[in-house]
Structure formats: structure tokens, C-alpha cells
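Asker: First the structure, then my questions, so here it is.
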There are 2 protein chains.
Amino acid sequence: MIERRKTRTVMVGALAIGSPHPVRVQSMTKTDTVDVDATVCQINALEKAGCEIVRVAVRHMEAARAIRKIKAITNIPVVADIHFDSKLAMESLKNGADKIRINPGNMPVEGMREVAKAAAKKKIPVRIGVNSGSLPEDKQCLERESDVMAALALRSMDILREEGLLDIIVSLKASDVRTTVEAYRGIAEKFDCPLHLGVTAAGLPADGIVRSSVGMGSLLLDGIGDTIRVSLTGDPVCEVDTAKRILSSVGLRNFGPEIISCPTCGRCRVDLVTLAGEFEEKLRGNEKLTFPDAGRPLVIALMGCEINGPGEAKNADIGIAFGSGTGAIFENGKILNTVSADNAIDELLRVIEARRSSLW
Amino acid sequence: MIERRKTRTVMVGALAIGSPHPVRVQSMTKTDTVDVDATVCQINALEKAGCEIVRVAVRHMEAARAIRKIKAITNIPVVADIHFDSKLAMESLKNGADKIRINPGNMPVEGMREVAKAAAKKKIPVRIGVNSGSLPEDKQCLERESDVMAALALRSMDILREEGLLDIIVSLKASDVRTTVEAYRGIAEKFDCPLHLGVTAAGLPADGIVRSSVGMGSLLLDGIGDTIRVSLTGDPVCEVDTAKRILSSVGLRNFGPEIISCPTCGRCRVDLVTLAGEFEEKLRGNEKLTFPDAGRPLVIALMGCEINGPGEAKNADIGIAFGSGTGAIFENGKILNTVSADNAIDELLRVIEARRSSLW
């Protein structure tokens, strides 16, 4: 298991964030916050996809006031995203925001103090959201951008603490993956507040999924990160799906059975791409095949040949290794039976269903 | 820049692999190797996509002999993938394979000695390709799978060296991301042979791209890895695209301009998803906009609003920050001009085209 960096616990609404708790999945609405119907609809879709905290942009007082209406008819904690103007944070606090995100790169120190004082009084946490896109000009002389970001976060943290606010979460997002990783690594040991991970402006999904996975995945493998947000120029549900895949890839969360399947090669005598796609669709769509969201996931192997097939299927809880027109179904390293490749997928699903309780 | 682990150079055909050289992109054909037409067609598609080394499955003598025909009409180095039978490696060597991959988990030691002796004589490198799917039963008592994998690689390396073979590349692939990362980290300092990275049986693209990016990305950020192969249950061209995205995300290779774009939020007043997609398509399709494959890539920012927009665009070489119906085009932090959002994409492309030489 990954040993997570020790942090204090910060409550965001009813959700606990920090190292004693699962790494959380966040996203942000892309609707105009004032359009309450559209925003609520997107929040509900995000929650259904597995999002646990959602942020909304607060660009003016009307948006801050919309938070009250949004909160009244949604379930997950709502974070107000504030830039420049502390008055927008104050109004968001008044309207029930569960967390305030400020950007210390564009908010005057006096504004930050005002927000910290009010948040501490209301027991609402604040995220210091440093972003490489808005850093103070006068600090550009420091050598590395990641150092400028870390220094700004530390200075801001002092300011908030001086006003009595201890429930602080920190993020240090750059669009460059290495800068992001360096910034978090550089700051991880300097305080015990939870860290919110993100690679900012990661781009369209094809690039953005890779950049987010590399950046956040390597930090999570080092035990760094308590809540993550994948940023993609696209549907926010895809952000949540990607965040869940990153967390399960490193074994930090279990969002259901994990399917491993080989890339196929000249040895493969079946159309594994089609078979694996069909299997995944049927598995996710079968309500009898839900598994508890705790412990390690069930691992299912779909292998195209006899070389690594039995071995991989042995490492997996259950699996199938295809031969020429046949498939050998394995459970815990032992062949259960050999079936025709044509109905191998349905047979494997049937076996998983029948043995669901013993497999899990 | 990432400081790469120091390695010796191993030549695979005319291609140098090791820390003084770029991290290479590999893939593997999914055709029956004996079907020379189909295999050559796939190799050519892979080469066009940016693949620099290709592996073919050698499951019997006829496949080993097909390597001669394949080599005669393709350009990139061809690696013979051998399991169990050293005779298949000997026949592949005779037929011009540029590298032999053996799996020490399923080849007898005497077979490995025979291959090493012949390869050393022909000055052909061998990859010791350890795979978690085929590990010797008697070693399962060791605590961690990654330790079993590392021990097998070290023992195999001794055997090959005893036969006079020094041109060795090592891989330690597991389907579990953490096991893969642990295995490579554990072995990285123990010898100076180049390392071939891979997460095996990563699965269908949606999961496989994330697992490969997390696993290989975190190793590459640590300076580990000299050639990479992404395994996906899908089109091998997608493997090559993903490998290139991983390498550029960590700044180790430059495969053309890098587009960063924000995820959009309630502040965005344009349809950035569509605009970014259109921009990317036009950029990649414009032959006048090729850039040299050296140094750092041109960074282009497409930002949905005025908050991080100008800042990110400032970090980028060139970019656009959209407002309400307008877009401000930036170059090196200075606004060049503000245009209508409707023709902002074409205008940005025009500016990049006109300034191509000064931007680069």
C-alpha cells in the first residue's frame, strides 16, 4: 500500500479530507453559476459519475447568491471559486458555500485576511489555490516557477493562520507537468494541511488525460495528495472518470472490478479488442455484479493467448486465456473449465455472477 | 530538465538506445507475423505514426523465417519476441532480427546461454523481458512480486554476460502499476543497461492510457527509462500516440507544438471545447506549421477567460485569452491584437504562420 503523507483532517461540508480518509474526487461546473437549473443539472450528473466535491465559478455577486439556491437542491459540498475580489468570498460564505477557493496570486492581502477571519468564524475551510497563470510579477526573479508557487502558498498560509483560520487546503497547479510535480514535492513536508492536486489547463482529453495521469499519478505514488481534480477541455464527467481511473490505477481507491487485458500480438487467435469491449460493457451494465467499494478491487484478466495468459489470469482473481477458438476460465490460478471462444464472455460473466460472494 | 539515469548505449539496428539518446518509442504488431503483407502494412502505419522500433511475435519457425521478408521491405528495427524455445531465437537471429526479446520466466537457462552466445557473435542485443505473468513458481516465497521480478532479471543478466553478451536491455512489466514502478525503481541503480519501460496488459484504451501514463510517467520523471512501449487492447497506432504524449508531457521529447487549454468554467463566454478542437485539427493539418523536432516545443495557450488566460498565455509562447465575444492574442506576454471570437482561431493560426521563424 502507498503510505500517505500525514495531514490534519479538514471537513468540507460533511466530507472529511486528509490522509486518514480516502483521496477525494472533485470537479468544477462549466455552466454559468447564475443559471441555477443548468448548474444543478451538471452537479447531479457529476455526483452520479462519482464526484464528491464540486466547485462553481463566482464572477459577481449574483453568482455568489446563486450558491444558496444550488445548495438547497444538491447533495455534494459546493466550493466557491473566487478571484480578485474578497467581497465575492464574503457573499459566498453568507450563502452557504462549503469551502472558499481563493487565488493568492490575484487577491490583495487585506482581502485574504478578511476572508480568513470570516471563514474561521463560520468554520468553513479555505483553499489556497496557487496557479502558475497568475503569479506576482515581483517574484519572477526566483529561479524556478515551482519555487515561486511554493513561496506564495507558504506566505498565504501564514496570513490565513494569523487570522485564526486553520482549516486550509493547498494546491499548486501549473500547466507544465514537471513544474506541478516539483511544486508539490517541494512543499509537501512543510506543513500538515491536506493537498488538492491538479494540473491546470491540461488541454483537450487526448493530451489532458495523459498529462493529468502522469502529474497526479506520480505524486499519488509518492503518497502526496488528498483530493484531486482533473482539468480537461471537455465534459466534466470525463474529468471525474479520469480521476477515478488514476486513483484506482495506483490502488488508492476501489471503484469496482479492474479489468486487465493484453494488447494482443501475432499469437492471438481471437478478436480480443471486441471481446474485451463487450465484456466491459456487460460487466458494468449488470446490476447483479456490483462489488463493495472497500478493500482491493476484484481483478479480472482477459488474455489473448497461452503465453502470459495463464500467468496473468493466475495473478487475477478470475480470468480467461484464449486459445484457438477456445477460452480457458481460471479462478485463483486453477482452470475451472474450457469453453468455446464464441460464448466465453457470457460464460465468464456467469461464473463471476455465480461466485460473486466467494470471489469477494 | 530531467536528469536521466546513466546507461551504456545499445544499438538496435541503426538506432541508439540509452541515456545519451532520446527515449525511444516502440510498439508491437498485432498481425500474424507469417502474414507478411499484413505485418508490413502495420509496421509502415506504426512508423508513420512515430514508432521507432517494432516487435513481432515469433511463435514458430515459419514466423522466424518471415522476419527476413519483413526486414527486406520495412525501415525500422524489428525485434523478435521469443517465449519458451531458444531455437526460435536462433532462427530469428539467422533471419536478420535487430534484437531478440526473451522471457526468462519461461526459457530454460541452457536456452538463454545458447541465445546469448549467438547474439554476442552477431553483435545483436537481447532484451531480458521479465513479465509478472510468467514468473518461476519457486520464487513466489519472496515477499513482493517486484522483488521476484528484479531478482529474475539480475540472475538472467549474469547468465547472458557469462556468455559474452553485453548489449542487454531490461524490462520488468507487471499489470499492476505500483508493482511495475517498484520493480524498476528497485533495479535502476544495480546496472547500467538501458531500461525498456512498460505496464503489461494495461487493458482497453480508457484504462490503459491512464495506467501507462501513471506508471511510465512517474518513472520517466525520476529519470528512469530509455525506450517505452504502451500496451493497449486496441490499435497499435494508439499505443504510439500515447507513448509520444507521455514523453512530451514530461518534456523528454518534442513532437510538435504543445497546446494547453483551460477546462472552462462559469466564467467562459465562448465554446472553447469546439474552438480548441478546431484549432488542434487545423494546426496539425497545416504543413506550413511544422516545427523542428529538437529543443523544447512551441507552447500555445487557448484560454476561456480573463482570469488565468493572460497569465497562462504569458507563460506560453503564443496564445489567446477569450472574453465575451472577443479573443486577445498574446505573444511572449504582450497583447498583439484583439479579434472577434468568431475568427480568432484562424487569426491565431495566421499569426503563428507569419511568425513561425521568430517564434521558433
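Chains: A, B, ... in order of the C-alpha cells. Residues: from 1 per chain. Ligands: from 1, in order shown.
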Could you pull the residues within 12 Å of B:His60, counting only C-alpha atoms, minus those fewer than 2 positions along the same chain, as a PDB file with N, CA, C and O atoms, in the first residue's frame?
Answerer:
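New file selection_27.pdb:
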ATOM      1  N   GLY A 266       0.874 -11.257 -32.513  1.00  0.00           N
ATOM      2  CA  GLY A 266       0.746 -12.274 -33.553  1.00  0.00           C
ATOM      3  C   GLY A 266       0.304 -13.635 -33.042  1.00  0.00           C
ATOM      4  O   GLY A 266      -0.003 -14.520 -33.834  1.00  0.00           O
ATOM      5  N   ARG A 267       0.301 -13.796 -31.713  1.00  0.00           N
ATOM      6  CA  ARG A 267      -0.111 -15.083 -31.155  1.00  0.00           C
ATOM      7  C   ARG A 267      -1.625 -15.194 -30.981  1.00  0.00           C
ATOM      8  O   ARG A 267      -2.160 -16.281 -30.824  1.00  0.00           O
TER       9      ARG A 267
ATOM     10  N   ASP B  32      -0.623 -11.665 -37.544  1.00  0.00           N
ATOM     11  CA  ASP B  32       0.127 -12.920 -37.562  1.00  0.00           C
ATOM     12  C   ASP B  32       1.423 -12.631 -38.329  1.00  0.00           C
ATOM     13  O   ASP B  32       1.379 -12.192 -39.484  1.00  0.00           O
ATOM     14  N   THR B  33       2.564 -12.867 -37.705  1.00  0.00           N
ATOM     15  CA  THR B  33       3.845 -12.489 -38.309  1.00  0.00           C
ATOM     16  C   THR B  33       4.061 -13.179 -39.660  1.00  0.00           C
ATOM     17  O   THR B  33       4.715 -12.627 -40.558  1.00  0.00           O
ATOM     18  N   VAL B  34       3.508 -14.360 -39.809  1.00  0.00           N
ATOM     19  CA  VAL B  34       3.644 -15.115 -41.065  1.00  0.00           C
ATOM     20  C   VAL B  34       2.906 -14.420 -42.209  1.00  0.00           C
ATOM     21  O   VAL B  34       3.281 -14.562 -43.372  1.00  0.00           O
ATOM     22  N   VAL B  56       7.798  -8.174 -33.227  1.00  0.00           N
ATOM     23  CA  VAL B  56       6.850  -9.117 -33.838  1.00  0.00           C
ATOM     24  C   VAL B  56       6.886 -10.421 -33.041  1.00  0.00           C
ATOM     25  O   VAL B  56       7.927 -10.828 -32.531  1.00  0.00           O
ATOM     26  N   ALA B  57       5.733 -11.070 -32.944  1.00  0.00           N
ATOM     27  CA  ALA B  57       5.636 -12.334 -32.214  1.00  0.00           C
ATOM     28  C   ALA B  57       6.201 -13.461 -33.070  1.00  0.00           C
ATOM     29  O   ALA B  57       5.869 -13.584 -34.247  1.00  0.00           O
ATOM     30  N   VAL B  58       7.069 -14.280 -32.468  1.00  0.00           N
ATOM     31  CA  VAL B  58       7.637 -15.430 -33.183  1.00  0.00           C
ATOM     32  C   VAL B  58       7.168 -16.686 -32.466  1.00  0.00           C
ATOM     33  O   VAL B  58       7.745 -17.103 -31.472  1.00  0.00           O
ATOM     34  N   GLU B  62       8.274 -20.785 -38.867  1.00  0.00           N
ATOM     35  CA  GLU B  62       7.826 -20.060 -40.050  1.00  0.00           C
ATOM     36  C   GLU B  62       7.787 -18.546 -39.768  1.00  0.00           C
ATOM     37  O   GLU B  62       8.129 -17.732 -40.640  1.00  0.00           O
ATOM     38  N   ALA B  63       7.388 -18.197 -38.543  1.00  0.00           N
ATOM     39  CA  ALA B  63       7.352 -16.774 -38.171  1.00  0.00           C
ATOM     40  C   ALA B  63       8.774 -16.212 -38.107  1.00  0.00           C
ATOM     41  O   ALA B  63       9.032 -15.082 -38.534  1.00  0.00           O
ATOM     42  N   ALA B  64       9.710 -17.018 -37.596  1.00  0.00           N
ATOM     43  CA  ALA B  64      11.106 -16.567 -37.531  1.00  0.00           C
ATOM     44  C   ALA B  64      11.636 -16.308 -38.940  1.00  0.00           C
ATOM     45  O   ALA B  64      12.334 -15.324 -39.189  1.00  0.00           O
ATOM     46  N   ARG B  65      11.269 -17.176 -39.859  1.00  0.00           N
ATOM     47  CA  ARG B  65      11.739 -17.004 -41.242  1.00  0.00           C
ATOM     48  C   ARG B  65      11.076 -15.809 -41.924  1.00  0.00           C
ATOM     49  O   ARG B  65      11.661 -15.174 -42.795  1.00  0.00           O
ATOM     50  N   ALA B  66       9.854 -15.472 -41.500  1.00  0.00           N
ATOM     51  CA  ALA B  66       9.150 -14.315 -42.094  1.00  0.00           C
ATOM     52  C   ALA B  66       9.887 -13.008 -41.798  1.00  0.00           C
ATOM     53  O   ALA B  66       9.734 -12.021 -42.533  1.00  0.00           O
ATOM     54  N   ILE B  67      10.685 -12.985 -40.728  1.00  0.00           N
ATOM     55  CA  ILE B  67      11.417 -11.756 -40.372  1.00  0.00           C
ATOM     56  C   ILE B  67      12.301 -11.289 -41.531  1.00  0.00           C
ATOM     57  O   ILE B  67      12.400 -10.097 -41.804  1.00  0.00           O
ATOM     58  N   ALA B  80      12.473  -9.653 -32.446  1.00  0.00           N
ATOM     59  CA  ALA B  80      11.773 -10.945 -32.397  1.00  0.00           C
ATOM     60  C   ALA B  80      11.365 -11.235 -30.961  1.00  0.00           C
ATOM     61  O   ALA B  80      12.202 -11.236 -30.057  1.00  0.00           O
ATOM     62  N   ASP B  81      10.084 -11.490 -30.760  1.00  0.00           N
ATOM     63  CA  ASP B  81       9.560 -11.777 -29.413  1.00  0.00           C
ATOM     64  C   ASP B  81       9.506 -13.285 -29.202  1.00  0.00           C
ATOM     65  O   ASP B  81       8.722 -13.982 -29.844  1.00  0.00           O
ATOM     66  N   ILE B  82      10.360 -13.776 -28.312  1.00  0.00           N
ATOM     67  CA  ILE B  82      10.539 -15.218 -28.145  1.00  0.00           C
ATOM     68  C   ILE B  82      10.114 -15.667 -26.744  1.00  0.00           C
ATOM     69  O   ILE B  82      10.522 -15.085 -25.740  1.00  0.00           O
ATOM     70  N   HIS B  83       9.324 -16.711 -26.713  1.00  0.00           N
ATOM     71  CA  HIS B  83       8.965 -17.358 -25.447  1.00  0.00           C
ATOM     72  C   HIS B  83       9.340 -18.837 -25.538  1.00  0.00           C
ATOM     73  O   HIS B  83       9.296 -19.423 -26.632  1.00  0.00           O
ATOM     74  N   PHE B  84       9.709 -19.423 -24.428  1.00  0.00           N
ATOM     75  CA  PHE B  84       9.953 -20.863 -24.291  1.00  0.00           C
ATOM     76  C   PHE B  84      11.177 -21.396 -25.048  1.00  0.00           C
ATOM     77  O   PHE B  84      12.103 -21.912 -24.437  1.00  0.00           O
ATOM     78  N   ASP B  85      11.158 -21.237 -26.397  1.00  0.00           N
ATOM     79  CA  ASP B  85      12.036 -22.045 -27.244  1.00  0.00           C
ATOM     80  C   ASP B  85      13.209 -21.238 -27.813  1.00  0.00           C
ATOM     81  O   ASP B  85      13.028 -20.377 -28.679  1.00  0.00           O
ATOM     82  N   SER B  86      14.420 -21.541 -27.366  1.00  0.00           N
ATOM     83  CA  SER B  86      15.592 -20.809 -27.845  1.00  0.00           C
ATOM     84  C   SER B  86      15.832 -21.023 -29.340  1.00  0.00           C
ATOM     85  O   SER B  86      16.444 -20.187 -30.001  1.00  0.00           O
ATOM     86  N   LYS B  87      15.343 -22.123 -29.879  1.00  0.00           N
ATOM     87  CA  LYS B  87      15.527 -22.380 -31.320  1.00  0.00           C
ATOM     88  C   LYS B  87      14.874 -21.284 -32.164  1.00  0.00           C
ATOM     89  O   LYS B  87      15.340 -20.949 -33.249  1.00  0.00           O
ATOM     90  N   LEU B  88      13.745 -20.742 -31.661  1.00  0.00           N
ATOM     91  CA  LEU B  88      13.063 -19.669 -32.387  1.00  0.00           C
ATOM     92  C   LEU B  88      13.921 -18.405 -32.388  1.00  0.00           C
ATOM     93  O   LEU B  88      13.942 -17.657 -33.368  1.00  0.00           O
ATOM     94  N   ALA B  89      14.660 -18.186 -31.298  1.00  0.00           N
ATOM     95  CA  ALA B  89      15.569 -17.036 -31.238  1.00  0.00           C
ATOM     96  C   ALA B  89      16.725 -17.235 -32.213  1.00  0.00           C
ATOM     97  O   ALA B  89      17.118 -16.303 -32.933  1.00  0.00           O
ATOM     98  N   MET B  90      17.257 -18.457 -32.263  1.00  0.00           N
ATOM     99  CA  MET B  90      18.380 -18.747 -33.160  1.00  0.00           C
ATOM    100  C   MET B  90      17.960 -18.522 -34.615  1.00  0.00           C
ATOM    101  O   MET B  90      18.694 -17.932 -35.399  1.00  0.00           O
ATOM    102  N   GLU B  91      16.769 -18.975 -34.950  1.00  0.00           N
ATOM    103  CA  GLU B  91      16.281 -18.819 -36.320  1.00  0.00           C
ATOM    104  C   GLU B  91      16.005 -17.332 -36.629  1.00  0.00           C
ATOM    105  O   GLU B  91      16.262 -16.865 -37.738  1.00  0.00           O
ATOM    106  N   SER B  92      15.531 -16.594 -35.638  1.00  0.00           N
ATOM    107  CA  SER B  92      15.273 -15.154 -35.836  1.00  0.00           C
ATOM    108  C   SER B  92      16.586 -14.406 -36.064  1.00  0.00           C
ATOM    109  O   SER B  92      16.668 -13.504 -36.902  1.00  0.00           O
TER     110      SER B  92
END
Asker: When DSSP is applied to the backbone of this structure, which of stretch 20-239 of chain A are assigned helix (DSSP H, G or I)? Write them out as a ChimeraX atom specification.
Answerer: /A:36-49,61-72,86-94,109-122,137-139,145-162,177-187,205-221,236-239
Asker: Set out as a Markdown table a contact list for chain A and chain B with a cut-off of 6 Å, giving each residue of chain A that qualifies its closest atom pair and distance in Å to one decimal, counting only C-alpha atoms, ordered by chain and rising residue number.
Answerer:
| residue | atom | partner | partner_atom | distance |
| --- | --- | --- | --- | --- |
| A:Thr29 | CA | B:Cys265 | CA | 5.9 |
| A:Lys30 | CA | B:Cys265 | CA | 3.8 |
| A:Thr31 | CA | B:Gly266 | CA | 4.8 |
| A:Asp32 | CA | B:Gly266 | CA | 4.1 |
| A:Thr33 | CA | B:Gly266 | CA | 5.7 |
| A:Ala57 | CA | B:Gly266 | CA | 5.1 |
| A:Gly133 | CA | B:Gly311 | CA | 4.1 |
| A:Ser134 | CA | B:Gly311 | CA | 5.3 |
| A:Ala201 | CA | B:Cys262 | CA | 3.9 |
| A:Ala202 | CA | B:Ile260 | CA | 5.7 |
| A:Gly203 | CA | B:Ser261 | CA | 4.3 |
| A:Val210 | CA | B:Ser213 | CA | 5.7 |
| A:Arg211 | CA | B:Ser249 | CA | 5.6 |
| A:Ser213 | CA | B:Val214 | CA | 5.2 |
| A:Val214 | CA | B:Val214 | CA | 4.7 |
| A:Gly217 | CA | B:Val214 | CA | 4.8 |
| A:Ser218 | CA | B:Ser218 | CA | 4.6 |
| A:Ser231 | CA | B:Pro263 | CA | 5.2 |
| A:Leu232 | CA | B:Pro263 | CA | 4.7 |
| A:Thr233 | CA | B:Pro263 | CA | 4.1 |
| A:Gly234 | CA | B:Val273 | CA | 5.7 |
| A:Ser249 | CA | B:Arg211 | CA | 5.6 |
| A:Ile260 | CA | B:Gly203 | CA | 4.8 |
| A:Ser261 | CA | B:Gly203 | CA | 4.3 |
| A:Cys262 | CA | B:Ala201 | CA | 3.9 |
| A:Pro263 | CA | B:Thr233 | CA | 4.1 |
| A:Thr264 | CA | B:Lys30 | CA | 5.8 |
| A:Cys265 | CA | B:Lys30 | CA | 3.8 |
| A:Gly266 | CA | B:Asp32 | CA | 4.1 |
| A:Val273 | CA | B:Thr233 | CA | 5.6 |
| A:Asn308 | CA | B:Gly133 | CA | 5.0 |
| A:Gly311 | CA | B:Gly133 | CA | 4.1 |
| A:Glu312 | CA | B:Gly133 | CA | 4.3 |
Asker: Step one, run DSSP on the backbone; step two, keep only residues of stretch 10-67 of chain B assigned to strand (DSSP E); then write them as a list in words.
Answerer: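 Strand (DSSP E) assignments inside stretch 10-67 of chain B correspond to Val10, Met11, Val12, Leu15, Ala16, Ile17, Arg24, Val25, Gln26, Ser27, Met28, Ile53, Val54, Arg55, Val56 and Ala57 of chain B.
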Asker: Restricting the output to N, CA, C and O atoms, write the selected residues as a PDB file, in the first residue's frame.
Answerer:
ATOM      1  N   VAL B  10      23.134   0.982 -26.315  1.00  0.00           N
ATOM      2  CA  VAL B  10      22.931  -0.289 -27.019  1.00  0.00           C
ATOM      3  C   VAL B  10      22.327   0.032 -28.381  1.00  0.00           C
ATOM      4  O   VAL B  10      21.343   0.765 -28.469  1.00  0.00           O
ATOM      5  N   MET B  11      22.951  -0.502 -29.443  1.00  0.00           N
ATOM      6  CA  MET B  11      22.435  -0.253 -30.796  1.00  0.00           C
ATOM      7  C   MET B  11      21.406  -1.316 -31.156  1.00  0.00           C
ATOM      8  O   MET B  11      21.669  -2.514 -31.024  1.00  0.00           O
ATOM      9  N   VAL B  12      20.254  -0.872 -31.618  1.00  0.00           N
ATOM     10  CA  VAL B  12      19.248  -1.791 -32.147  1.00  0.00           C
ATOM     11  C   VAL B  12      19.114  -1.409 -33.612  1.00  0.00           C
ATOM     12  O   VAL B  12      18.544  -0.371 -33.945  1.00  0.00           O
ATOM     13  N   LEU B  15      19.608   2.290 -34.600  1.00  0.00           N
ATOM     14  CA  LEU B  15      19.044   3.159 -33.567  1.00  0.00           C
ATOM     15  C   LEU B  15      19.766   2.971 -32.236  1.00  0.00           C
ATOM     16  O   LEU B  15      19.854   1.856 -31.717  1.00  0.00           O
ATOM     17  N   ALA B  16      20.251   4.102 -31.680  1.00  0.00           N
ATOM     18  CA  ALA B  16      20.968   4.041 -30.399  1.00  0.00           C
ATOM     19  C   ALA B  16      19.987   4.190 -29.250  1.00  0.00           C
ATOM     20  O   ALA B  16      19.166   5.101 -29.238  1.00  0.00           O
ATOM     21  N   ILE B  17      20.096   3.284 -28.271  1.00  0.00           N
ATOM     22  CA  ILE B  17      19.230   3.320 -27.093  1.00  0.00           C
ATOM     23  C   ILE B  17      20.077   3.488 -25.846  1.00  0.00           C
ATOM     24  O   ILE B  17      21.077   2.796 -25.664  1.00  0.00           O
ATOM     25  N   ARG B  24      13.192   6.297 -26.706  1.00  0.00           N
ATOM     26  CA  ARG B  24      12.585   5.810 -27.955  1.00  0.00           C
ATOM     27  C   ARG B  24      11.154   5.335 -27.769  1.00  0.00           C
ATOM     28  O   ARG B  24      10.756   4.917 -26.680  1.00  0.00           O
ATOM     29  N   VAL B  25      10.426   5.345 -28.876  1.00  0.00           N
ATOM     30  CA  VAL B  25       9.033   4.900 -28.891  1.00  0.00           C
ATOM     31  C   VAL B  25       8.937   3.557 -29.614  1.00  0.00           C
ATOM     32  O   VAL B  25       9.378   3.432 -30.755  1.00  0.00           O
ATOM     33  N   GLN B  26       8.403   2.554 -28.909  1.00  0.00           N
ATOM     34  CA  GLN B  26       8.254   1.226 -29.503  1.00  0.00           C
ATOM     35  C   GLN B  26       6.790   0.820 -29.582  1.00  0.00           C
ATOM     36  O   GLN B  26       5.949   1.352 -28.878  1.00  0.00           O
ATOM     37  N   SER B  27       6.531  -0.208 -30.403  1.00  0.00           N
ATOM     38  CA  SER B  27       5.221  -0.848 -30.395  1.00  0.00           C
ATOM     39  C   SER B  27       5.414  -2.296 -30.846  1.00  0.00           C
ATOM     40  O   SER B  27       6.552  -2.753 -31.012  1.00  0.00           O
ATOM     41  N   MET B  28       4.325  -2.986 -31.009  1.00  0.00           N
ATOM     42  CA  MET B  28       4.389  -4.394 -31.413  1.00  0.00           C
ATOM     43  C   MET B  28       3.248  -4.663 -32.377  1.00  0.00           C
ATOM     44  O   MET B  28       2.132  -4.162 -32.180  1.00  0.00           O
ATOM     45  N   ILE B  53      10.866   1.505 -33.120  1.00  0.00           N
ATOM     46  CA  ILE B  53      11.276   0.092 -33.055  1.00  0.00           C
ATOM     47  C   ILE B  53       9.991  -0.718 -33.015  1.00  0.00           C
ATOM     48  O   ILE B  53       9.050  -0.346 -32.312  1.00  0.00           O
ATOM     49  N   VAL B  54       9.951  -1.845 -33.711  1.00  0.00           N
ATOM     50  CA  VAL B  54       8.737  -2.658 -33.680  1.00  0.00           C
ATOM     51  C   VAL B  54       9.088  -4.104 -33.327  1.00  0.00           C
ATOM     52  O   VAL B  54      10.130  -4.621 -33.719  1.00  0.00           O
ATOM     53  N   ARG B  55       8.224  -4.726 -32.551  1.00  0.00           N
ATOM     54  CA  ARG B  55       8.429  -6.108 -32.149  1.00  0.00           C
ATOM     55  C   ARG B  55       7.395  -6.971 -32.854  1.00  0.00           C
ATOM     56  O   ARG B  55       6.264  -6.533 -33.074  1.00  0.00           O
ATOM     57  N   VAL B  56       7.798  -8.174 -33.227  1.00  0.00           N
ATOM     58  CA  VAL B  56       6.850  -9.117 -33.838  1.00  0.00           C
ATOM     59  C   VAL B  56       6.886 -10.421 -33.041  1.00  0.00           C
ATOM     60  O   VAL B  56       7.927 -10.828 -32.531  1.00  0.00           O
ATOM     61  N   ALA B  57       5.733 -11.070 -32.944  1.00  0.00           N
ATOM     62  CA  ALA B  57       5.636 -12.334 -32.214  1.00  0.00           C
ATOM     63  C   ALA B  57       6.201 -13.461 -33.070  1.00  0.00           C
ATOM     64  O   ALA B  57       5.869 -13.584 -34.247  1.00  0.00           O
TER      65      ALA B  57
END
